[in-house]
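Asker: I am sharing protein_3.txt, which consists of compact mmCIF, C-alpha atoms and all ligand atoms:
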# COMPACT_ATOMS: atom_id res chain seq x y z
CA MET A 259 -4.21 -10.53 22.98
CA ASN A 260 -2.69 -10.83 19.56
CA ASN A 261 1.01 -11.39 19.46
CA MET A 262 3.17 -9.04 17.49
CA SER A 263 4.77 -11.42 15.03
CA TYR A 264 4.00 -11.12 11.35
CA ARG A 265 1.92 -13.76 9.67
CA VAL A 266 3.56 -15.05 6.50
CA LYS A 267 1.67 -16.87 3.76
CA LYS A 268 3.08 -18.43 0.60
CA MET A 269 0.61 -17.29 -2.06
CA TYR A 270 2.54 -18.61 -5.06
CA PRO A 271 6.00 -20.20 -5.38
CA TRP A 272 7.31 -16.68 -6.11
CA LEU A 273 5.12 -14.52 -3.84
CA TYR A 274 4.58 -14.29 -0.09
CA SER A 275 2.18 -12.07 1.82
CA ILE A 276 3.31 -10.69 5.18
CA GLN A 277 0.46 -9.51 7.40
CA ASP A 278 1.01 -7.19 10.34
CA PRO A 279 -1.14 -7.32 13.50
CA GLN A 280 -3.09 -4.27 12.34
CA ASN A 281 -4.13 -6.20 9.22
CA VAL A 282 -1.99 -4.37 6.72
CA PHE A 283 -0.23 -6.50 4.12
CA CYS A 284 3.11 -6.25 2.37
CA TYR A 285 4.45 -8.70 -0.19
CA LEU A 286 7.75 -10.38 -0.95
CA ALA A 287 8.40 -11.37 -4.56
CA VAL A 288 11.31 -13.79 -4.88
CA GLY A 289 13.27 -14.40 -8.09
CA LYS A 290 16.25 -16.67 -8.73
CA GLU A 291 18.77 -14.05 -7.65
CA LYS A 292 16.98 -11.27 -5.79
CA ALA A 293 13.80 -10.47 -3.94
CA LEU A 294 11.57 -7.38 -3.73
CA LEU A 295 9.53 -6.29 -0.74
CA PHE A 296 6.50 -4.22 -1.75
CA ASP A 297 5.37 -1.95 1.12
CA THR A 298 6.56 -2.13 4.70
CA VAL A 299 3.37 -1.96 6.84
CA TYR A 300 3.51 -0.12 10.19
CA GLY A 301 6.87 -1.68 10.98
CA ILE A 302 6.17 -2.47 14.63
CA GLY A 303 8.39 -5.54 14.82
CA SER A 304 11.34 -6.55 12.67
CA LEU A 305 10.45 -6.89 9.01
CA PRO A 306 14.02 -7.80 7.97
CA LEU A 307 13.72 -10.84 10.25
CA ALA A 308 10.38 -11.81 8.71
CA VAL A 309 11.97 -11.47 5.25
CA LYS A 310 15.04 -13.50 6.26
CA GLU A 311 12.84 -16.40 7.27
CA ILE A 312 11.63 -16.51 3.66
CA THR A 313 14.84 -15.80 1.74
CA ASP A 314 18.45 -14.75 2.24
CA LYS A 315 18.64 -13.18 -1.25
CA PRO A 316 19.33 -9.44 -1.51
CA VAL A 317 16.08 -7.49 -1.20
CA TYR A 318 14.88 -4.34 -2.94
CA VAL A 319 12.35 -2.41 -0.87
CA VAL A 320 9.67 -0.57 -2.89
CA LEU A 321 6.83 1.50 -1.40
CA GLY A 322 3.40 1.63 -3.06
CA HIS A 323 2.82 5.09 -1.53
CA GLY A 324 3.85 7.26 1.39
CA HIS A 325 1.13 6.58 4.00
CA LEU A 326 2.15 5.49 7.48
CA ASP A 327 0.57 2.03 7.32
CA HIS A 328 2.68 1.18 4.25
CA ALA A 329 5.87 3.18 4.79
CA ASN A 330 6.71 3.14 8.50
CA GLY A 331 8.74 -0.08 8.27
CA ALA A 332 11.00 1.27 5.51
CA CYS A 333 13.52 2.67 8.00
CA GLN A 334 14.43 -0.90 9.00
CA PHE A 335 16.16 -1.39 5.64
CA GLU A 336 19.24 0.22 4.08
CA GLU A 337 17.11 2.02 1.49
CA ALA A 338 13.59 2.11 0.11
CA TRP A 339 12.29 3.23 -3.30
CA LEU A 340 9.32 5.63 -3.43
CA HIS A 341 7.89 7.85 -6.15
CA GLU A 342 9.15 11.38 -5.55
CA ALA A 343 5.61 12.84 -5.58
CA ASP A 344 5.04 11.12 -2.20
CA PHE A 345 8.33 12.11 -0.52
CA GLU A 346 6.86 15.02 1.44
CA LEU A 347 3.78 13.02 2.39
CA CYS A 348 6.04 10.20 3.56
CA ARG A 349 8.05 12.58 5.73
CA LEU A 350 4.81 13.64 7.43
CA HIS A 351 3.51 10.10 7.82
CA THR A 352 6.77 8.79 9.30
CA SER A 353 7.02 11.75 11.70
CA GLU A 354 6.93 11.26 15.46
CA LYS A 355 3.34 12.54 15.60
CA TYR A 356 2.05 10.04 13.04
CA ARG A 357 4.09 7.17 14.45
CA MET A 358 2.54 7.95 17.83
CA THR A 359 -0.94 7.44 16.33
CA ALA A 360 0.19 4.05 14.97
CA LEU A 361 1.36 2.97 18.44
CA LYS A 362 -1.84 4.24 20.06
CA GLN A 363 -3.96 2.30 17.57
CA ALA A 364 -1.97 -0.86 18.29
CA GLU A 365 -2.44 -0.31 22.02
CA GLU A 366 -6.18 0.30 21.66
CA SER A 367 -6.51 -2.91 19.64
CA GLY A 368 -4.88 -4.85 22.48
CA ILE A 369 -1.82 -5.71 20.43
CA ALA A 370 1.21 -6.63 22.54
CA LEU A 371 4.42 -4.95 21.42
CA PRO A 372 7.39 -7.27 20.73
CA HIS A 373 9.71 -7.81 23.71
CA ASP A 374 12.62 -6.12 21.96
CA PHE A 375 10.54 -3.19 20.66
CA ASN A 376 11.95 0.22 21.53
CA PRO A 377 9.26 2.92 21.16
CA ASP A 378 11.80 5.77 21.30
CA ILE A 379 13.70 4.40 18.32
CA TYR A 380 10.43 3.71 16.46
CA LEU A 381 9.05 7.21 17.06
CA LYS A 382 12.18 8.96 15.86
CA ALA A 383 13.02 6.66 12.93
CA GLY A 384 11.73 8.98 10.17
CA THR A 385 11.49 7.92 6.54
CA GLY A 386 14.66 5.88 6.34
CA ASN A 387 16.81 6.32 3.24
CA LEU A 388 14.38 7.07 0.40
CA LYS A 389 15.42 6.63 -3.23
CA LYS A 390 13.54 8.18 -6.16
CA LEU A 391 11.50 5.55 -7.98
CA ASP A 392 10.77 6.03 -11.68
CA ILE A 393 7.60 4.82 -13.39
CA GLY A 394 8.48 2.12 -15.92
CA ARG A 395 11.53 0.90 -14.04
CA ILE A 396 11.93 -2.84 -14.17
CA PHE A 397 13.50 -4.73 -11.28
CA ASP A 398 15.10 -7.92 -12.63
CA LEU A 399 14.99 -10.47 -9.80
CA GLY A 400 16.26 -13.33 -11.98
CA GLY A 401 13.55 -14.98 -14.08
CA LEU A 402 11.08 -12.54 -12.55
CA HIS A 403 10.64 -9.00 -13.84
CA ILE A 404 8.81 -6.46 -11.70
CA GLU A 405 7.63 -3.33 -13.53
CA VAL A 406 6.71 -0.10 -11.75
CA ILE A 407 3.28 1.16 -12.86
CA GLY A 408 2.13 4.75 -12.22
CA MET A 409 -1.15 4.62 -10.28
CA GLY A 410 -1.56 8.14 -8.91
CA GLY A 411 -4.99 8.84 -7.40
CA HIS A 412 -5.20 7.80 -3.74
CA THR A 413 -1.95 9.79 -3.45
CA ALA A 414 -0.01 11.54 -6.21
CA GLY A 415 2.94 9.16 -5.90
CA SER A 416 0.97 5.90 -5.71
CA ILE A 417 2.40 3.10 -7.81
CA GLY A 418 1.64 -0.53 -8.46
CA ILE A 419 4.06 -3.28 -9.38
CA LEU A 420 3.44 -5.78 -12.16
CA ALA A 421 5.01 -9.23 -12.02
CA GLN A 422 5.33 -9.60 -15.78
CA GLU A 423 5.82 -13.36 -16.03
CA HIS A 424 2.81 -14.06 -13.81
CA LYS A 425 0.51 -11.21 -14.91
CA VAL A 426 -0.16 -10.24 -11.30
CA LEU A 427 -0.45 -6.57 -10.30
CA LEU A 428 0.09 -5.46 -6.70
CA THR A 429 -1.73 -2.18 -6.01
CA SER A 430 -1.17 -1.20 -2.35
CA ASP A 431 -4.04 1.33 -1.79
CA SER A 432 -4.24 2.66 -5.36
CA ALA A 433 -7.03 0.33 -6.57
CA THR A 434 -8.96 -1.37 -3.78
CA PRO A 435 -12.54 -2.45 -2.90
CA GLN A 436 -12.85 0.68 -0.73
CA VAL A 437 -10.61 3.35 -2.19
CA TRP A 438 -9.92 6.49 -0.16
CA MET A 439 -10.03 9.50 -2.48
CA PHE A 440 -11.02 12.09 0.15
CA LYS A 441 -7.62 12.73 1.68
CA ILE A 442 -6.02 16.13 1.11
CA GLU A 443 -3.20 14.42 -0.79
CA SER A 444 -5.59 12.52 -3.09
CA LEU A 445 -5.89 13.58 -6.73
CA SER A 446 -9.28 14.37 -8.30
CA VAL A 447 -11.76 11.57 -9.01
CA LYS A 448 -11.39 12.41 -12.71
CA GLU A 449 -7.63 11.76 -12.58
CA TYR A 450 -8.24 8.55 -10.62
CA ILE A 451 -10.68 7.26 -13.26
CA ALA A 452 -8.20 8.11 -16.05
CA MET A 453 -5.51 6.15 -14.18
CA LEU A 454 -7.76 3.07 -13.83
CA GLU A 455 -8.70 3.24 -17.52
CA ARG A 456 -5.02 3.31 -18.45
CA VAL A 457 -3.91 0.56 -16.07
CA VAL A 458 -6.73 -1.82 -16.99
CA GLN A 459 -5.23 -1.97 -20.50
CA LEU A 460 -2.05 -3.54 -19.13
CA ASP A 461 -1.24 -7.21 -19.38
CA PHE A 462 -2.39 -8.63 -16.02
CA ASP A 463 -5.04 -11.16 -15.00
CA THR A 464 -5.32 -10.62 -11.25
CA PHE A 465 -4.38 -8.06 -8.64
CA ILE A 466 -3.72 -7.96 -4.90
CA THR A 467 -4.22 -4.95 -2.60
CA GLY A 468 -2.68 -3.65 0.64
CA HIS A 469 -5.40 -4.43 3.19
CA THR A 470 -6.28 -8.00 2.25
CA ASP A 471 -4.27 -10.65 0.40
CA GLU A 472 -7.30 -11.94 -1.46
CA VAL A 473 -6.49 -12.37 -5.16
CA MET A 474 -8.91 -10.31 -7.24
CA PRO A 475 -9.82 -10.62 -10.92
CA LYS A 476 -8.85 -7.86 -13.32
CA SER A 477 -12.57 -7.40 -14.09
CA ASP A 478 -12.96 -5.72 -10.67
CA PHE A 479 -11.16 -2.73 -12.18
CA TYR A 480 -14.32 -2.09 -14.23
CA LYS A 481 -16.36 -2.04 -10.98
CA TYR A 482 -13.91 0.53 -9.59
CA ILE A 483 -14.22 2.63 -12.74
CA ASN A 484 -18.03 2.45 -12.62
CA VAL A 485 -18.41 3.29 -8.94
CA ALA A 486 -16.19 6.34 -9.48
CA ARG A 487 -18.00 7.40 -12.65
CA HIS A 488 -21.43 7.10 -11.06
CA ILE A 489 -20.66 8.91 -7.79
CA SER A 490 -23.77 10.54 -6.40
CA VAL A 491 -23.53 12.91 -3.45
CA GLU A 492 -27.22 12.32 -2.68
CA LYS A 493 -26.81 8.54 -2.57
CA SER A 494 -23.67 8.69 -0.41
CA GLU A 495 -23.35 8.42 3.35
CA PRO A 496 -20.97 10.29 5.65
CA PHE A 497 -17.70 8.41 6.22
CA LYS A 498 -16.84 7.94 9.89
CA TYR A 499 -13.04 8.20 9.72
CA HIS A 500 -11.42 11.64 9.62
CA PRO A 501 -14.81 13.48 9.85
CA GLU A 502 -13.00 16.82 9.50
CA LEU A 503 -12.38 15.95 5.84
CA LYS A 504 -16.12 15.47 5.18
CA GLY A 505 -15.65 12.16 3.41
CA LEU A 506 -18.64 10.65 1.63
CA LEU A 507 -18.96 6.96 0.91
CA TYR A 508 -20.61 5.84 -2.32
CA ARG A 509 -21.27 2.15 -2.93
CA GLU A 510 -22.18 0.28 -6.09
CA ASP A 511 -21.86 -3.37 -7.16
CA GLY A 512 -20.12 -4.34 -3.91
CA VAL A 513 -17.31 -1.79 -4.14
CA GLU A 514 -16.91 1.58 -2.46
CA ILE A 515 -15.27 4.94 -3.04
CA VAL A 516 -14.76 7.50 -0.30
CA PHE A 517 -14.57 11.00 -1.76
CA SER A 518 -15.25 14.59 -0.86
CA GLU A 519 -17.04 17.15 -2.97
CA ALA A 520 -13.72 18.99 -3.43
CA LYS A 521 -12.38 15.96 -5.38
CA LEU A 522 -15.24 16.05 -7.90
CA ILE A 523 -14.05 19.22 -9.60
ZN ZN B 601 -2.94 4.86 1.80
Give the structure from this file in structure tokens form.
Answerer:
Amino acid sequence: MNNMSYRVKKMYPWLYSIQDPQNVFCYLAVGKEKALLFDTVYGIGSLPLAVKEITDKPVYVVLGHGHLDHANGACQFEEAWLHEADFELCRLHTSEKYRMTALKQAEESGIALPHDFNPDIYLKAGTGNLKKLDIGRIFDLGGLHIEVIGMGGHTAGSIGILAQEHKVLLTSDSATPQVWMFKIESLSVKEYIAMLERVVQLDFDTFITGHTDEVMPKSDFYKYINVARHISVEKSEPFKYHPELKGLLYREDGVEIVFSEAKLI
């Protein structure tokens, strides 16, 4: 049995990864005066406590997108910033029905719930207090500036955050080794490629995603662009999750894109 506590790792003097038992990652950037939590994982277990063990500075909470595995912990904080294009999606993904699937998954994986965990409160917690997040906004944490980068594709309201002084981009699910572009809420593959081509021009050296805290080189963005450009229905295989959406997985150069034919238009 896994225990339910979060696993915290100091990646850099200014950045911590926080891993939940279902292997989703959120990140705490810490400046001289303030801190910023990027994503909130499934939120089964107290994230504010995990954050407090790292810093007692005031914390901004910013969501990379509205999916349940990144947004369900947001309700544990006073407020959370999310791009408006994902508000409706976030309401769905933090609904009782979706939260129930998160609990079921945890149960099926043999994960023990924390002793003080109250499923009734969790199931009915909703989105929390969402604030509209603007692209280009800069959070000044004191000697550390975090810029909000528009990265719509996986979802319309997906964003990344760029730690300007360190040239590190955090992408949540918007640019990952296996990107999911087959969801109903995903934009077209064409729009996704245009986003990657724009973002790769920005001043960063490495990036970190939402389902591993491995630090990846910027050059991987070109692999993501190529795998998306070269998509071949014939060379793809059916994707096993959410079969009703008829996802197809295409692989090239060690990276993968899951798409559906509807997203190729
Ligand atoms: Zn997602």
Asker: Counting only C-alpha atoms, what is within 6 Å of region 510-521 of chain A, bar same-chain residues fewer than 2 positions away, as a list in words?
Answerer: Pro435, Gln436, Val437, Trp438, Met439, Phe440, Ser446, Val447, Val485, Gly505, Leu506, Leu507, Tyr508 and Ile523 of chain A
Asker: Choose the residue, out of A:Gln334, A:Asn376, A:His412, A:Leu420, that has the smallest atom-to-atom separation from ligand ZN 601 (chain B); count all atoms listed in the file.
Answerer: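 Nearest candidate to ligand ZN 601 (chain B) out of A:Gln334, A:Asn376, A:His412, A:Leu420: A:His412.
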Asker: At a cut-off of 10 Å around ligand ZN 601 (chain B), and using all atoms listed in the file, what residues come up? Please write them as a PyMOL selection string.
Answerer: chain A and resi 322-329+412-413+416+430-432+437-439+441+443-444+468-469
Asker: Now that the selection is made, can you save its residues with C-alpha atoms as a PDB file, in the coordinates of the input?
Answerer:
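Saved the output as selection-v6.pdb:
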ATOM      1  CA  GLY A 322       3.400   1.630  -3.060  1.00  0.00           C
ATOM      2  CA  HIS A 323       2.820   5.090  -1.530  1.00  0.00           C
ATOM      3  CA  GLY A 324       3.850   7.260   1.390  1.00  0.00           C
ATOM      4  CA  HIS A 325       1.130   6.580   4.000  1.00  0.00           C
ATOM      5  CA  LEU A 326       2.150   5.490   7.480  1.00  0.00           C
ATOM      6  CA  ASP A 327       0.570   2.030   7.320  1.00  0.00           C
ATOM      7  CA  HIS A 328       2.680   1.180   4.250  1.00  0.00           C
ATOM      8  CA  ALA A 329       5.870   3.180   4.790  1.00  0.00           C
ATOM      9  CA  HIS A 412      -5.200   7.800  -3.740  1.00  0.00           C
ATOM     10  CA  THR A 413      -1.950   9.790  -3.450  1.00  0.00           C
ATOM     11  CA  SER A 416       0.970   5.900  -5.710  1.00  0.00           C
ATOM     12  CA  SER A 430      -1.170  -1.200  -2.350  1.00  0.00           C
ATOM     13  CA  ASP A 431      -4.040   1.330  -1.790  1.00  0.00           C
ATOM     14  CA  SER A 432      -4.240   2.660  -5.360  1.00  0.00           C
ATOM     15  CA  VAL A 437     -10.610   3.350  -2.190  1.00  0.00           C
ATOM     16  CA  TRP A 438      -9.920   6.490  -0.160  1.00  0.00           C
ATOM     17  CA  MET A 439     -10.030   9.500  -2.480  1.00  0.00           C
ATOM     18  CA  LYS A 441      -7.620  12.730   1.680  1.00  0.00           C
ATOM     19  CA  GLU A 443      -3.200  14.420  -0.790  1.00  0.00           C
ATOM     20  CA  SER A 444      -5.590  12.520  -3.090  1.00  0.00           C
ATOM     21  CA  GLY A 468      -2.680  -3.650   0.640  1.00  0.00           C
ATOM     22  CA  HIS A 469      -5.400  -4.430   3.190  1.00  0.00           C
TER      23      HIS A 469
END
Asker: Grab all the atoms of region 357-361 of chain A that the file lists, wrap them in a box along x, y and z, add 5 Å per side, and give me centre plus edge lengths in Å (one decimal) as JSON.
Answerer:
{"center_x": 1.6, "center_y": 5.5, "center_z": 16.4, "size_x": 15.0, "size_y": 15.0, "size_z": 14.0}
Asker: Mind pulling up the distance from CA of Met453 (chain A) to CA of Asn330 (chain A)?
Answerer: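 One can read the CA of Asn330 (chain A) to CA of Met453 (chain A) distance as 25.9 Å.
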Asker: Quick one: of A:Leu503, A:Leu347, A:Ala370, A:Leu428, who's nearest to Phe465 (chain A), counting all atoms listed in the file?
Answerer: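 Among A:Leu503, A:Leu347, A:Ala370, A:Leu428, it is A:Leu428 that comes nearest to Phe465 (chain A).
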Asker: Give me, please, the distance in Å between CA of Asp461 (chain A) and CA of Gln422 (chain A), quoted to one decimal.
Answerer: 7.9 Å
Asker: What is the distance, in Å and to one decimal place, between CA of Lys389 (chain A) and CA of Val457 (chain A)?
Answerer: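 Separating CA of Lys389 (chain A) from CA of Val457 (chain A) is a distance of 24.0 Å.
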Asker: For each of A:His351, A:Lys292, A:Lys390, A:Lys448, take the minimum atom-to-atom distance to Gly331 (chain A), counting all atoms listed in the file, then give the residue where this is smallest.
Answerer: A:His351
Asker: Give me the residues within 12 Å of Glu472 (chain A) as an mmCIF file with C-alpha atoms, keeping the file's coordinate frame, counting all atoms listed in the file and dropping any in the same chain fewer than 5 places off.
Answerer:
data_model
loop_
_atom_site.group_PDB
_atom_site.id
_atom_site.type_symbol
_atom_site.label_atom_id
_atom_site.label_comp_id
_atom_site.auth_asym_id
_atom_site.auth_seq_id
_atom_site.Cartn_x
_atom_site.Cartn_y
_atom_site.Cartn_z
ATOM 1 C CA LYS A 267 1.670 -16.870 3.760
ATOM 2 C CA MET A 269 0.610 -17.290 -2.060
ATOM 3 C CA SER A 275 2.180 -12.070 1.820
ATOM 4 C CA PHE A 283 -0.230 -6.500 4.120
ATOM 5 C CA LEU A 428 0.090 -5.460 -6.700
ATOM 6 C CA THR A 434 -8.960 -1.370 -3.780
ATOM 7 C CA PRO A 435 -12.540 -2.450 -2.900
ATOM 8 C CA THR A 464 -5.320 -10.620 -11.250
ATOM 9 C CA PHE A 465 -4.380 -8.060 -8.640
ATOM 10 C CA ILE A 466 -3.720 -7.960 -4.900
ATOM 11 C CA THR A 467 -4.220 -4.950 -2.600
#
Asker: Smallest atom-to-atom distance to Trp272 (chain A): which of A:Cys284, A:Leu294, A:Ala332, A:Ala452, using all atoms listed in the file?
Answerer: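 Among A:Cys284, A:Leu294, A:Ala332, A:Ala452, it is A:Leu294 that comes nearest to Trp272 (chain A).
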Asker: Which residue gives the smallest distance to Glu365 (chain A) among A:Ile312, A:Leu307, A:Ile302, A:Ile379, with all atoms listed in the file counted?
Answerer: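 Looking only at the distances to Glu365 (chain A), the closest residue turns out to be A:Ile302.
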Asker: Quick one: everything within 9 Å of Phe397 (chain A), counting only C-alpha atoms, minus sequence neighbours fewer than 5 positions away in the same chain. Send it as JSON, numbers by chain.
Answerer: {"A": [294, 318, 402, 403, 404, 405, 406]}
